[in-house]
file model_0.cif (mmCIF, C-alpha atoms)
data_entry
#
loop_
_atom_site.label_atom_id
_atom_site.label_comp_id
_atom_site.auth_asym_id
_atom_site.auth_seq_id
_atom_site.Cartn_x
_atom_site.Cartn_y
_atom_site.Cartn_z
CA MET A 665 9.34 9.51 5.35
CA ASP A 666 10.83 11.28 2.33
CA TRP A 667 11.87 9.56 -0.90
CA LEU A 668 15.49 9.22 0.17
CA GLU A 669 14.55 7.50 3.41
CA ARG A 670 12.15 5.23 1.52
CA ALA A 671 14.93 4.28 -0.84
CA LYS A 672 17.27 3.56 2.07
CA VAL A 673 14.69 1.28 3.66
CA TRP A 674 13.93 -0.37 0.36
CA PHE A 675 17.56 -1.17 -0.29
CA GLY A 676 18.15 -2.27 3.30
CA VAL A 677 20.57 0.56 4.15
CA VAL A 678 18.60 1.50 7.27
CA ASP A 679 15.93 -0.14 9.40
CA PRO A 680 12.35 1.12 8.92
CA GLU A 681 12.20 1.74 12.65
CA ASP A 682 15.06 4.22 12.31
CA VAL A 683 13.09 6.46 10.00
CA ALA A 684 9.50 5.90 11.08
CA GLY A 685 7.71 7.28 14.12
CA GLU A 686 9.46 9.21 16.86
CA GLU A 687 13.09 9.87 16.40
CA SER A 688 15.70 8.62 18.79
CA ALA A 689 17.92 11.16 20.49
CA PRO A 690 21.00 10.66 18.32
CA ARG A 691 19.09 11.23 15.07
CA ALA A 692 17.39 14.31 16.50
CA GLU A 693 20.81 15.63 17.51
CA LEU A 694 21.78 15.84 13.85
CA ARG A 695 19.29 18.63 13.30
CA VAL A 696 19.73 22.31 13.95
CA ASP A 697 17.83 23.27 17.06
CA PRO A 698 15.96 26.46 16.05
CA ARG A 699 16.17 27.74 19.63
CA ARG A 700 19.98 27.63 19.40
CA ARG A 701 20.26 28.96 15.89
CA ASP A 702 21.34 32.40 17.07
CA GLU A 703 23.92 31.26 19.61
CA GLY A 704 26.73 31.92 17.18
CA GLU A 705 27.18 32.73 13.57
CA HIS A 706 28.06 29.17 12.67
CA ALA A 707 26.67 27.30 15.68
CA GLY A 708 24.41 24.98 13.68
CA ALA A 709 26.93 24.44 10.95
CA GLU A 710 29.73 23.62 13.35
CA ARG A 711 27.65 21.03 15.09
CA ARG A 712 27.18 19.33 11.75
CA GLY A 713 30.88 19.54 11.00
CA ARG A 714 30.80 22.47 8.60
CA GLY A 715 33.01 25.49 8.75
CA ARG A 716 32.37 28.64 6.83
CA ALA A 717 30.62 28.63 3.51
CA GLY A 718 32.60 26.80 0.85
CA GLU A 719 34.63 24.69 3.29
CA ARG A 720 34.47 20.92 3.03
CA PRO A 721 32.74 19.39 6.10
CA SER A 722 34.77 17.25 8.45
CA LEU A 723 33.72 13.61 8.25
CA ASP A 724 34.58 13.14 11.96
CA ALA A 725 31.69 15.37 12.86
CA PHE A 726 29.15 12.99 11.36
CA ALA A 727 29.69 10.40 14.06
CA GLY A 728 26.58 11.48 16.00
CA GLY A 729 23.97 9.29 14.22
CA PRO A 730 22.76 5.87 15.35
CA LYS A 731 25.88 3.73 15.56
CA GLU A 732 24.25 0.33 15.73
CA SER A 733 21.36 -1.35 14.02
CA LEU A 734 19.53 -4.62 13.95
CA GLU A 735 21.98 -5.66 11.26
CA ASP A 736 24.75 -5.55 13.89
CA CYS A 737 22.65 -7.75 16.19
CA LEU A 738 22.15 -10.27 13.42
CA VAL A 739 25.83 -10.25 12.51
CA ALA A 740 26.75 -10.80 16.17
CA ARG A 741 24.29 -13.68 16.33
CA GLU A 742 25.66 -15.22 13.14
CA ARG A 743 29.16 -15.26 14.58
CA GLY A 744 27.80 -16.84 17.78
CA ASP A 745 28.30 -13.81 20.02
CA THR A 746 24.97 -13.92 21.82
CA VAL A 747 26.21 -11.71 24.66
CA GLU A 748 26.95 -8.87 22.24
CA MET A 749 23.70 -9.56 20.39
CA ARG A 750 21.68 -9.21 23.57
CA ARG A 751 23.55 -6.05 24.58
CA LEU A 752 22.74 -4.50 21.23
CA LEU A 753 19.10 -5.56 21.42
CA ARG A 754 18.79 -3.95 24.86
CA GLU A 755 20.32 -0.77 23.49
CA LEU A 756 18.08 -0.65 20.42
CA ASP A 757 14.85 -1.70 22.10
CA ARG A 758 12.27 1.08 22.12
CA GLY A 759 9.80 -0.82 24.25
CA LEU A 760 7.54 -2.11 21.48
CA GLY A 761 7.70 -3.79 18.12
CA LEU A 762 10.16 -6.00 16.32
CA ARG A 763 13.18 -5.18 18.47
CA THR A 764 11.32 -6.00 21.68
CA LEU A 765 10.13 -9.24 20.13
CA LEU A 766 13.67 -10.23 19.20
CA ARG A 767 14.96 -9.18 22.60
CA ALA A 768 12.33 -11.40 24.23
CA ALA A 769 13.22 -14.29 21.93
CA ALA A 770 16.90 -13.88 22.83
CA ALA A 771 16.05 -13.76 26.55
CA LEU A 772 13.94 -16.90 26.19
CA GLU A 773 16.75 -18.63 24.37
CA ALA A 774 19.22 -17.66 27.11
CA GLY A 775 16.81 -18.74 29.87
CA ASP A 776 16.78 -15.21 31.28
CA GLU A 777 13.40 -15.27 32.99
CA GLY A 778 13.91 -11.89 34.61
CA GLU A 779 14.30 -10.05 31.32
CA LEU A 780 11.55 -12.10 29.71
CA ALA A 781 9.13 -11.20 32.52
CA GLU A 782 9.93 -7.54 31.92
CA LEU A 783 9.29 -7.77 28.17
CA LEU A 784 6.22 -10.00 27.89
CA PRO A 785 3.74 -7.45 29.30
CA ARG A 786 4.95 -4.92 26.74
CA LEU A 787 4.50 -7.36 23.90
CA ALA A 788 1.03 -8.20 25.18
CA VAL A 789 -0.13 -4.59 24.86
CA ASP A 790 1.45 -3.97 21.45
CA GLU A 791 -1.40 -2.61 19.32
CA GLN A 792 0.28 -4.05 16.26
CA SER A 793 0.81 -7.54 17.65
CA TRP A 794 -0.95 -8.82 14.52
CA ARG A 795 2.06 -7.61 12.59
CA ARG A 796 4.50 -9.71 14.65
CA THR A 797 2.14 -12.69 14.50
CA LEU A 798 2.08 -12.58 10.72
CA GLN A 799 5.77 -11.79 10.30
CA VAL A 800 6.81 -14.70 12.49
CA ALA A 801 4.46 -17.10 10.67
CA ALA A 802 5.66 -15.87 7.28
CA ALA A 803 9.27 -16.28 8.41
CA LEU A 804 8.62 -19.86 9.56
CA GLY A 805 6.93 -20.62 6.24
CA GLU A 806 4.86 -23.60 7.50
CA ALA A 807 1.38 -23.94 6.01
CA SER A 808 -0.23 -24.82 9.35
CA GLU A 809 1.51 -21.94 11.20
CA ILE A 810 0.45 -19.51 8.49
CA ALA A 811 -3.17 -20.67 8.60
CA VAL A 812 -3.34 -20.28 12.40
CA ALA A 813 -1.55 -16.91 12.32
CA CYS A 814 -3.92 -15.56 9.65
CA GLU A 815 -6.94 -16.50 11.76
CA ARG A 816 -5.40 -14.96 14.87
CA ALA A 817 -4.32 -11.78 13.08
CA ALA A 818 -7.78 -11.36 11.56
CA SER A 819 -9.27 -11.58 15.05
CA LEU A 820 -6.83 -8.82 16.12
CA ASP A 821 -8.21 -6.54 13.38
CA ALA A 822 -5.18 -6.90 11.16
CA PRO A 823 -5.59 -5.14 7.81
CA LYS A 824 -6.83 -7.41 5.05
CA TRP A 825 -3.72 -6.83 2.96
CA ALA A 826 -1.45 -8.12 5.73
CA VAL A 827 -3.46 -11.30 6.27
CA ALA A 828 -3.79 -11.89 2.53
CA TRP A 829 -0.07 -11.34 1.95
CA THR A 830 0.89 -13.84 4.63
CA ARG A 831 -1.59 -16.37 3.27
CA ALA A 832 -0.11 -15.85 -0.21
CA LEU A 833 3.23 -17.10 1.16
CA SER A 834 1.79 -20.45 2.27
CA PRO A 835 3.46 -23.53 0.79
CA ASP A 836 -0.07 -24.88 0.28
CA ALA A 837 -0.94 -24.05 -3.35
CA SER A 838 -4.66 -23.60 -2.71
CA GLU A 839 -4.07 -21.30 0.28
CA ARG A 840 -1.43 -19.38 -1.65
CA ARG A 841 -3.85 -18.80 -4.51
CA ARG A 842 -6.59 -17.72 -2.11
CA GLY A 843 -4.14 -15.30 -0.49
CA LEU A 844 -3.17 -13.81 -3.84
CA VAL A 845 -6.79 -13.25 -4.80
CA GLU A 846 -7.53 -11.62 -1.44
CA LEU A 847 -4.45 -9.45 -1.83
CA LEU A 848 -5.44 -8.44 -5.35
CA VAL A 849 -8.81 -7.33 -3.99
CA ALA A 850 -7.33 -5.51 -0.97
CA ASP A 851 -4.36 -3.83 -2.64
CA PRO A 852 -3.61 -4.54 -6.32
CA ALA A 853 -0.29 -2.64 -6.31
CA LEU A 854 0.94 -4.60 -3.31
CA ALA A 855 -0.27 -7.86 -4.87
CA ARG A 856 1.84 -7.18 -7.96
CA THR A 857 4.83 -6.33 -5.79
CA VAL A 858 4.49 -9.47 -3.67
CA ALA A 859 4.11 -11.56 -6.84
CA ALA A 860 7.32 -10.07 -8.22
CA ARG A 861 9.48 -9.83 -5.09
CA ASP A 862 8.36 -12.64 -2.80
CA LEU A 863 7.02 -15.21 -5.23
CA ALA A 864 9.19 -14.32 -8.23
CA LEU A 865 6.29 -15.07 -10.57
CA GLU A 866 7.31 -14.92 -14.21
CA GLY A 867 6.72 -11.55 -15.84
CA CYS A 868 5.51 -9.78 -12.67
CA GLU A 869 6.87 -6.37 -11.73
CA GLY A 870 6.86 -4.49 -8.44
CA ASP A 871 4.64 -1.42 -8.24
CA TYR A 872 6.22 1.78 -6.91
CA GLU A 873 2.98 2.68 -5.10
CA ALA A 874 3.42 -0.31 -2.81
CA PHE A 875 7.17 -0.28 -2.21
CA GLU A 876 7.07 1.46 1.16
CA ARG A 877 4.48 -0.88 2.60
CA PHE A 878 6.24 -3.87 1.13
CA ALA A 879 9.62 -2.84 2.52
CA ALA A 880 8.36 -2.22 6.06
CA PHE A 881 6.52 -5.53 6.42
CA ALA A 882 9.06 -7.66 4.56
CA TYR A 883 11.91 -6.20 6.59
CA GLY A 884 10.39 -7.49 9.84
CA ARG A 885 9.65 -10.88 8.36
CA ASP A 886 13.11 -11.26 6.87
CA THR A 887 14.76 -10.14 10.10
CA VAL A 888 12.81 -12.75 12.08
CA ARG A 889 13.74 -15.37 9.47
CA ARG A 890 17.40 -14.46 9.76
CA PHE A 891 17.23 -14.41 13.55
CA GLY A 892 15.99 -17.98 13.34
CA MET B 1144 0.65 11.33 -20.57
CA SER B 1145 -2.55 11.55 -22.62
CA ARG B 1146 -5.68 12.94 -21.03
CA SER B 1147 -8.58 10.54 -20.85
CA LEU B 1148 -12.21 11.10 -21.76
CA LEU B 1149 -14.47 10.55 -18.78
CA SER B 1150 -17.73 8.62 -18.85
CA LEU B 1151 -20.37 8.55 -16.14
CA TYR B 1152 -22.26 5.36 -15.29
CA ARG B 1153 -25.28 4.51 -13.19
CA LEU B 1154 -24.11 1.60 -11.05
CA ASP B 1155 -26.12 -1.45 -9.99
CA ARG B 1156 -24.10 -2.07 -6.86
CA ALA B 1157 -25.57 -5.50 -6.09
CA ALA B 1158 -24.86 -6.70 -9.63
CA LEU B 1159 -21.28 -5.49 -9.43
CA GLN B 1160 -20.80 -7.22 -6.09
CA ARG B 1161 -22.11 -10.47 -7.58
CA PHE B 1162 -19.75 -10.16 -10.51
CA SER B 1163 -16.81 -9.42 -8.20
CA GLY B 1164 -17.66 -12.45 -6.06
CA GLU B 1165 -17.87 -14.74 -9.08
CA LEU B 1166 -14.65 -13.42 -10.55
CA GLU B 1167 -12.76 -13.88 -7.29
CA ALA B 1168 -14.19 -17.37 -6.80
CA THR B 1169 -13.06 -18.50 -10.26
CA LEU B 1170 -9.59 -17.11 -9.62
CA ALA B 1171 -9.31 -18.75 -6.20
CA ALA B 1172 -10.33 -22.08 -7.73
CA ASN B 1173 -8.15 -21.54 -10.81
CA ASP B 1174 -11.28 -22.28 -12.83
CA ARG B 1175 -10.05 -21.27 -16.27
CA VAL B 1176 -13.19 -22.39 -18.09
CA GLY B 1177 -15.41 -20.58 -15.59
CA LEU B 1178 -13.32 -17.44 -15.92
CA ALA B 1179 -13.44 -17.53 -19.72
CA ALA B 1180 -17.23 -17.92 -19.55
CA LEU B 1181 -17.65 -15.12 -17.02
CA LEU B 1182 -15.52 -12.71 -19.04
CA GLU B 1183 -17.00 -13.89 -22.35
CA LEU B 1184 -13.60 -14.81 -23.72
CA ASP B 1185 -13.24 -16.96 -26.77
CA GLY B 1186 -12.23 -20.08 -24.84
CA ASP B 1187 -9.31 -19.82 -22.43
CA ALA B 1188 -6.82 -18.85 -25.13
CA ALA B 1189 -6.10 -15.58 -23.37
CA LEU B 1190 -4.83 -17.55 -20.36
CA PRO B 1191 -1.34 -18.92 -20.96
CA GLU B 1192 -1.19 -22.64 -20.10
CA ARG B 1193 1.77 -22.26 -17.77
CA LEU B 1194 0.13 -19.62 -15.58
CA GLU B 1195 -2.65 -19.87 -13.04
CA ALA B 1196 -5.54 -17.54 -13.81
CA VAL B 1197 -4.76 -15.22 -10.90
CA HIS B 1198 -1.16 -14.89 -12.05
CA VAL B 1199 -2.29 -13.31 -15.30
CA PHE B 1200 -4.03 -10.55 -13.34
CA LEU B 1201 -0.78 -9.95 -11.43
CA LEU B 1202 1.17 -9.19 -14.59
CA PRO B 1203 1.58 -5.53 -15.63
CA PRO B 1204 -1.99 -4.49 -16.58
CA SER B 1205 -0.86 -2.61 -19.66
CA ALA B 1206 0.80 -5.65 -21.27
CA THR B 1207 -0.50 -8.74 -23.01
CA PRO B 1208 -2.01 -11.04 -21.76
CA ALA B 1209 -3.07 -9.16 -18.61
CA GLY B 1210 -4.36 -6.23 -20.66
CA GLU B 1211 -6.78 -8.48 -22.53
CA LEU B 1212 -8.16 -9.92 -19.29
CA PHE B 1213 -8.52 -6.50 -17.68
CA ASP B 1214 -10.32 -5.26 -20.79
CA ALA B 1215 -12.60 -8.28 -20.70
CA ALA B 1216 -13.35 -7.80 -16.98
CA ASP B 1217 -14.06 -4.14 -17.68
CA ARG B 1218 -16.48 -5.02 -20.49
CA ALA B 1219 -18.23 -7.69 -18.43
CA ALA B 1220 -18.63 -5.41 -15.40
CA LYS B 1221 -20.11 -2.66 -17.57
CA LYS B 1222 -22.47 -5.06 -19.29
CA LEU B 1223 -23.69 -6.61 -16.03
CA ALA B 1224 -23.74 -3.68 -13.64
CA MET B 1225 -23.32 -0.28 -15.27
CA ARG B 1226 -25.27 1.89 -17.65
CA ARG B 1227 -23.56 4.83 -19.30
CA VAL B 1228 -25.44 8.12 -18.94
CA PHE B 1229 -22.81 10.57 -20.11
CA GLU B 1230 -19.66 10.47 -22.21
CA SER B 1231 -17.42 13.50 -22.44
CA ASP B 1232 -15.73 14.43 -25.68
CA ASN B 1233 -13.53 16.99 -23.94
CA PRO B 1234 -10.17 15.76 -22.60
CA ALA B 1235 -9.97 18.88 -20.41
CA LEU B 1236 -12.93 17.79 -18.25
CA GLU B 1237 -10.94 15.97 -15.57
CA GLY B 1238 -8.52 18.87 -15.19
CA ARG B 1239 -11.42 21.31 -14.94
CA LEU B 1240 -13.13 19.20 -12.30
CA ARG B 1241 -9.94 19.01 -10.28
CA ALA B 1242 -8.92 22.64 -10.57
CA PHE B 1243 -11.69 25.03 -11.67
CA ASP B 1244 -11.73 27.88 -9.14
CA ALA B 1245 -15.46 28.22 -8.56
CA LEU B 1246 -15.73 24.50 -7.89
CA ARG B 1247 -12.66 24.41 -5.67
CA GLU B 1248 -13.93 27.29 -3.57
CA ASP B 1249 -16.90 25.16 -2.48
CA ALA B 1250 -15.01 22.85 -0.12
CA VAL B 1251 -17.78 20.25 0.04
CA ALA B 1252 -18.19 20.10 -3.73
CA ALA B 1253 -14.43 19.88 -4.18
CA THR B 1254 -14.20 17.02 -1.69
CA LEU B 1255 -17.02 15.14 -3.40
CA VAL B 1256 -15.47 15.63 -6.84
CA ASP B 1257 -12.12 14.38 -5.53
CA ARG B 1258 -13.85 11.35 -4.11
CA LEU B 1259 -15.63 10.71 -7.40
CA LEU B 1260 -12.26 10.84 -9.14
CA SER B 1261 -10.45 8.61 -6.64
CA PRO B 1262 -9.95 5.09 -8.06
CA LYS B 1263 -9.22 3.67 -4.59
CA ARG B 1264 -12.87 2.78 -4.10
CA LEU B 1265 -13.28 0.98 -7.40
CA PRO B 1266 -13.00 -2.80 -7.60
CA TRP B 1267 -9.46 -3.94 -8.37
CA TYR B 1268 -10.26 -5.03 -11.94
CA LEU B 1269 -11.47 -1.52 -12.86
CA ARG B 1270 -8.31 0.09 -11.48
CA ARG B 1271 -5.28 0.34 -13.67
CA PRO B 1272 -2.19 2.49 -13.29
CA GLY B 1273 -2.80 5.89 -14.87
CA ARG B 1274 -6.51 5.34 -15.44
CA SER B 1275 -8.98 7.86 -14.05
CA GLY B 1276 -12.07 6.67 -12.26
CA GLY B 1277 -14.03 6.56 -9.06
CA TRP B 1278 -17.31 5.91 -7.32
CA LEU B 1279 -19.76 8.01 -5.32
CA PRO B 1280 -22.55 6.54 -3.17
CA PRO B 1281 -26.11 7.89 -3.61
CA GLU B 1282 -26.21 10.38 -0.73
CA MET B 1283 -22.91 11.97 -1.77
CA ARG B 1284 -23.90 11.96 -5.42
CA ALA B 1285 -27.13 13.78 -4.50
CA GLU B 1286 -25.18 16.38 -2.53
CA LEU B 1287 -22.77 16.91 -5.42
CA ASN B 1288 -25.76 17.30 -7.79
CA ARG B 1289 -27.17 19.99 -5.55
CA ARG B 1290 -23.88 21.85 -5.25
CA LEU B 1291 -23.14 21.71 -8.98
CA GLY B 1292 -26.67 22.99 -9.61
CA SER B 1293 -26.14 25.99 -7.37
CA LEU B 1294 -22.82 26.81 -9.07
CA GLU B 1295 -24.11 26.23 -12.60
CA SER B 1296 -23.84 29.81 -13.88
CA LEU B 1297 -20.17 29.94 -12.83
CA LEU B 1298 -19.12 26.68 -14.43
CA PRO B 1299 -17.59 26.12 -17.89
CA PRO B 1300 -19.62 24.18 -20.49
CA GLU B 1301 -17.79 20.85 -20.00
CA ILE B 1302 -18.54 20.78 -16.26
CA ARG B 1303 -22.14 21.84 -16.91
CA SER B 1304 -22.55 18.90 -19.29
CA PHE B 1305 -21.01 16.60 -16.70
CA ALA B 1306 -23.39 17.97 -14.05
CA ARG B 1307 -26.39 17.28 -16.31
CA GLY B 1308 -25.16 13.70 -16.74
CA LEU B 1309 -24.74 13.29 -13.01
CA ALA B 1310 -28.28 14.59 -12.47
CA GLN B 1311 -29.63 11.66 -14.52
CA ILE B 1312 -28.30 9.19 -11.95
CA ASP B 1313 -30.49 8.33 -9.01
CA GLY B 1314 -28.23 5.85 -7.20
CA ASP B 1315 -24.52 5.10 -7.15
CA ALA B 1316 -22.41 6.94 -9.72
CA VAL B 1317 -19.21 5.65 -11.28
CA VAL B 1318 -16.75 7.58 -13.42
CA LEU B 1319 -14.29 5.79 -15.69
CA GLY B 1320 -11.66 7.20 -17.99
CA SER B 1321 -11.20 5.93 -21.52
#
call {"tool": "encode", "arguments": {"input": "model_0.cif", "output": "structure tokens"}}
result
Amino acid sequence: MDWLERAKVWFGVVDPEDVAGEESAPRAELRVDPRRRDEGEHAGAERRGRGRAGERPSLDAFAGGPKESLEDCLVARERGDTVEMRRLLRELDRGLGLRTLLRAAAALEAGDEGELAELLPRLAVDEQSWRRTLQVAAALGEASEIAVACERAASLDAPKWAVAWTRALSPDASERRRGLVELLVADPALARTVAARDLALEGCEGDYEAFERFAAFAYGRDTVRRFG
Amino acid sequence: MSRSLLSLYRLDRAALQRFSGELEATLAANDRVGLAALLELDGDAALPERLEAVHVFLLPPSATPAGELFDAADRAAKKLAMRRVFESDNPALEGRLRAFDALREDAVAATLVDRLLSPKRLPWYLRRPGRSGGWLPPEMRAELNRRLGSLESLLPPEIRSFARGLAQIDGDAVVLGS
């Protein structure tokens, strides 16, 4: 992920899943295929909407990127259009991760046992299920849920920073303090960022070193929270 | 950015672990008196009333009051668990260690030097943005000693002095910048 993509994730312009890991077909289409570079003098440029050197590119030609995002799903949900929300989730689902989790939650909500049965086995084999466990608990914000999720995530070999961060969000003051200390030990830069961004502690400032990690984890948690 | 002067310490790992455990326990319990005693502060005046002890360590480390606590933790850790064996007076040492050709051409030595200068393995209270430092366990320190010894005739005086300091350590080695 380059600095521009990090910035986009950080400011919520794109989803982390759109820039991390394998690319989806539409994003890959935006690139020049080196095997087709010699097909014509301007083959690559034309595909990206450019003419000859010096000409302004046509904006119409930039319509090939991902058209929809989780933001669209959440907007559809907020206006009560659950049919559109579920269509979008099906379209965006890559078979693992946050989108699959939300798709399963939407199927459960709609009583669609067929779709749920298709999704649950995938969620069960997700190597990063600790991440969803912690993000859901953090989104719910209940002390008891957070305590249980932290235990479960630790048993799933979750990184210490992730468990500590979630614990630091507990409404229980003692647990929150314990989480902050554990986070300080595991990742001081992230601890400072969580203190500034999540807990809004007086005088604290986010640390650039930890922004990427913060953005990726917080995005999932905040999306779950918004999904409800 | 100013270049720091590096110092080498012989580390008592068990003592440092005990200190870390006590420090973290006082923070988790918000034991301000215990923390002041552990860090040998003059009372808990360095801890603003309105903040929990752990919050002070989450403030920017370069500013007051966090800077005072980090300095105190640094002093306490050195007093309890580290003994200085070498102090460089040459600000070019770190750059030489990171970039001197003869050292870089020995891939193992270069890797060990990079590890010794990587603050990621230091306890959180010894790590501060922009500060140099790192830790090397005994077997790696011994290997680096051997490699620096074999390269000695090719090395500049500041690295040779550093190598002599490293040779005085028989266990874990820690480097900290000023």
call {"tool": "resolve_selection", "arguments": {"input": "model_0.cif", "expression": "the PyMOL selection byres ((chain B) within 6 of (chain A))", "output": "ChimeraX atom specification"}}
result
/B:1171,1201-1202,1267
call {"tool": "residues_near_point", "arguments": {"input": "model_0.cif", "point": "(10.5, -10.9, 22.5)", "cutoff": "8 Å", "atoms": "all atoms listed in the file", "output": "ChimeraX atom specification"}}
result
/A:762-772,780,783-784,787
call {"tool": "resolve_selection", "arguments": {"input": "model_0.cif", "expression": "the PyMOL selection byres ((chain B and resi 1252-1258) around 12)", "output": "PyMOL selection string"}}
result
chain B and resi 1236-1251+1259-1265+1275-1294+1302+1305-1306+1309+1316-1318
call {"tool": "resolve_selection", "arguments": {"input": "model_0.cif", "expression": "the PyMOL selection byres ((chain A and resi 752-755) around 9)", "output": "VMD selection string"}}
result
chain A and resid 732 to 734 736 to 737 747 to 751 756 to 758 763 to 764 766 to 767 770
call {"tool": "atom_distance", "arguments": {"input": "model_0.cif", "atom1": "atom CA of Gly778 of chain A", "atom2": "atom CA of Thr746 of chain A"}}
result
17.0 Å
call {"tool": "axis_aligned_box", "arguments": {"input": "model_0.cif", "around": "segment 1199-1211 of chain B", "padding_each_side": "8 Å", "output": "AutoDock Vina command-line options"}}
result
--center_x -2.6 --center_y -8.0 --center_z -17.2 --size_x 24.4 --size_y 26.7 --size_z 27.6
call {"tool": "atom_distance", "arguments": {"input": "model_0.cif", "atom1": "atom CA of Ala801 of chain A", "atom2": "atom CA of Arg885 of chain A"}}
result
8.4 Å
call {"tool": "atom_distance", "arguments": {"input": "model_0.cif", "atom1": "atom CA of Ala864 of chain A", "atom2": "atom CA of Ala1216 of chain B"}}
result
25.0 Å
call {"tool": "closest_residue", "arguments": {"input": "model_0.cif", "among": "A:Val739, A:Leu820, A:Leu863, A:Val789", "to": "Gly759 of chain A", "atoms": "only C-alpha atoms"}}
result
A:Val789
call {"tool": "residues_around", "arguments": {"input": "model_0.cif", "residues": "segment 803-815 of chain A", "least_positions_apart": "4", "cutoff": "12 Å", "atoms": "only C-alpha atoms", "output": "mmCIF file with C-alpha atoms, keeping the file's coordinate frame"}}
result
data_model
loop_
_atom_site.group_PDB
_atom_site.id
_atom_site.type_symbol
_atom_site.label_atom_id
_atom_site.label_comp_id
_atom_site.auth_asym_id
_atom_site.auth_seq_id
_atom_site.Cartn_x
_atom_site.Cartn_y
_atom_site.Cartn_z
ATOM 1 C CA SER A 793 0.810 -7.540 17.650
ATOM 2 C CA TRP A 794 -0.950 -8.820 14.520
ATOM 3 C CA ARG A 795 2.060 -7.610 12.590
ATOM 4 C CA ARG A 796 4.500 -9.710 14.650
ATOM 5 C CA THR A 797 2.140 -12.690 14.500
ATOM 6 C CA LEU A 798 2.080 -12.580 10.720
ATOM 7 C CA GLN A 799 5.770 -11.790 10.300
ATOM 8 C CA SER A 819 -9.270 -11.580 15.050
ATOM 9 C CA LEU A 820 -6.830 -8.820 16.120
ATOM 10 C CA ASP A 821 -8.210 -6.540 13.380
ATOM 11 C CA ALA A 822 -5.180 -6.900 11.160
ATOM 12 C CA PRO A 823 -5.590 -5.140 7.810
ATOM 13 C CA LYS A 824 -6.830 -7.410 5.050
ATOM 14 C CA TRP A 825 -3.720 -6.830 2.960
ATOM 15 C CA ALA A 826 -1.450 -8.120 5.730
ATOM 16 C CA VAL A 827 -3.460 -11.300 6.270
ATOM 17 C CA ALA A 828 -3.790 -11.890 2.530
ATOM 18 C CA TRP A 829 -0.070 -11.340 1.950
ATOM 19 C CA THR A 830 0.890 -13.840 4.630
ATOM 20 C CA ARG A 831 -1.590 -16.370 3.270
ATOM 21 C CA ALA A 832 -0.110 -15.850 -0.210
ATOM 22 C CA LEU A 833 3.230 -17.100 1.160
ATOM 23 C CA SER A 834 1.790 -20.450 2.270
ATOM 24 C CA PRO A 835 3.460 -23.530 0.790
ATOM 25 C CA ASP A 836 -0.070 -24.880 0.280
ATOM 26 C CA ALA A 837 -0.940 -24.050 -3.350
ATOM 27 C CA SER A 838 -4.660 -23.600 -2.710
ATOM 28 C CA GLU A 839 -4.070 -21.300 0.280
ATOM 29 C CA ARG A 840 -1.430 -19.380 -1.650
ATOM 30 C CA ARG A 842 -6.590 -17.720 -2.110
ATOM 31 C CA GLY A 843 -4.140 -15.300 -0.490
ATOM 32 C CA ASP A 862 8.360 -12.640 -2.800
ATOM 33 C CA PHE A 881 6.520 -5.530 6.420
ATOM 34 C CA ALA A 882 9.060 -7.660 4.560
ATOM 35 C CA TYR A 883 11.910 -6.200 6.590
ATOM 36 C CA GLY A 884 10.390 -7.490 9.840
ATOM 37 C CA ARG A 885 9.650 -10.880 8.360
ATOM 38 C CA ASP A 886 13.110 -11.260 6.870
ATOM 39 C CA THR A 887 14.760 -10.140 10.100
ATOM 40 C CA VAL A 888 12.810 -12.750 12.080
ATOM 41 C CA ARG A 889 13.740 -15.370 9.470
ATOM 42 C CA ARG A 890 17.400 -14.460 9.760
ATOM 43 C CA PHE A 891 17.230 -14.410 13.550
ATOM 44 C CA GLY A 892 15.990 -17.980 13.340
#
call {"tool": "residues_around", "arguments": {"input": "model_0.cif", "residues": "Ser1205 of chain B", "least_positions_apart": "6", "cutoff": "10 Å", "atoms": "all atoms listed in the file", "output": "ChimeraX atom specification"}}
result
/B:1211,1213-1214,1271-1273
call {"tool": "residues_around", "arguments": {"input": "model_0.cif", "residues": "Asp1155 of chain B", "least_positions_apart": "3", "cutoff": "12 Å", "atoms": "all atoms listed in the file", "output": "ChimeraX atom specification"}}
result
/B:1152,1158-1162,1220-1227,1278,1280-1281,1312-1317
call {"tool": "decode", "arguments": {"input": "model_0.cif", "residues": "segment 814-820 of chain A", "atoms": "N, CA and C atoms", "output": "compact mmCIF listing (two decimals), in the first residue's frame"}}
result
# COMPACT_ATOMS: atom_id res chain seq x y z
N CYS A 814 -11.99 -10.86 24.23
CA CYS A 814 -10.52 -10.80 24.40
C CYS A 814 -9.97 -12.18 24.76
N GLU A 815 -10.68 -12.89 25.62
CA GLU A 815 -10.25 -14.25 25.97
C GLU A 815 -10.27 -15.15 24.73
N ARG A 816 -11.37 -15.07 23.99
CA ARG A 816 -11.53 -15.92 22.81
C ARG A 816 -10.46 -15.59 21.75
N ALA A 817 -10.26 -14.30 21.53
CA ALA A 817 -9.28 -13.88 20.51
C ALA A 817 -7.88 -14.32 20.91
N ALA A 818 -7.58 -14.23 22.20
CA ALA A 818 -6.25 -14.65 22.65
C ALA A 818 -6.06 -16.15 22.39
N SER A 819 -7.13 -16.92 22.57
CA SER A 819 -7.03 -18.36 22.33
C SER A 819 -6.90 -18.67 20.83
N LEU A 820 -7.27 -17.70 19.98
CA LEU A 820 -7.14 -17.86 18.52
C LEU A 820 -5.82 -17.26 18.02
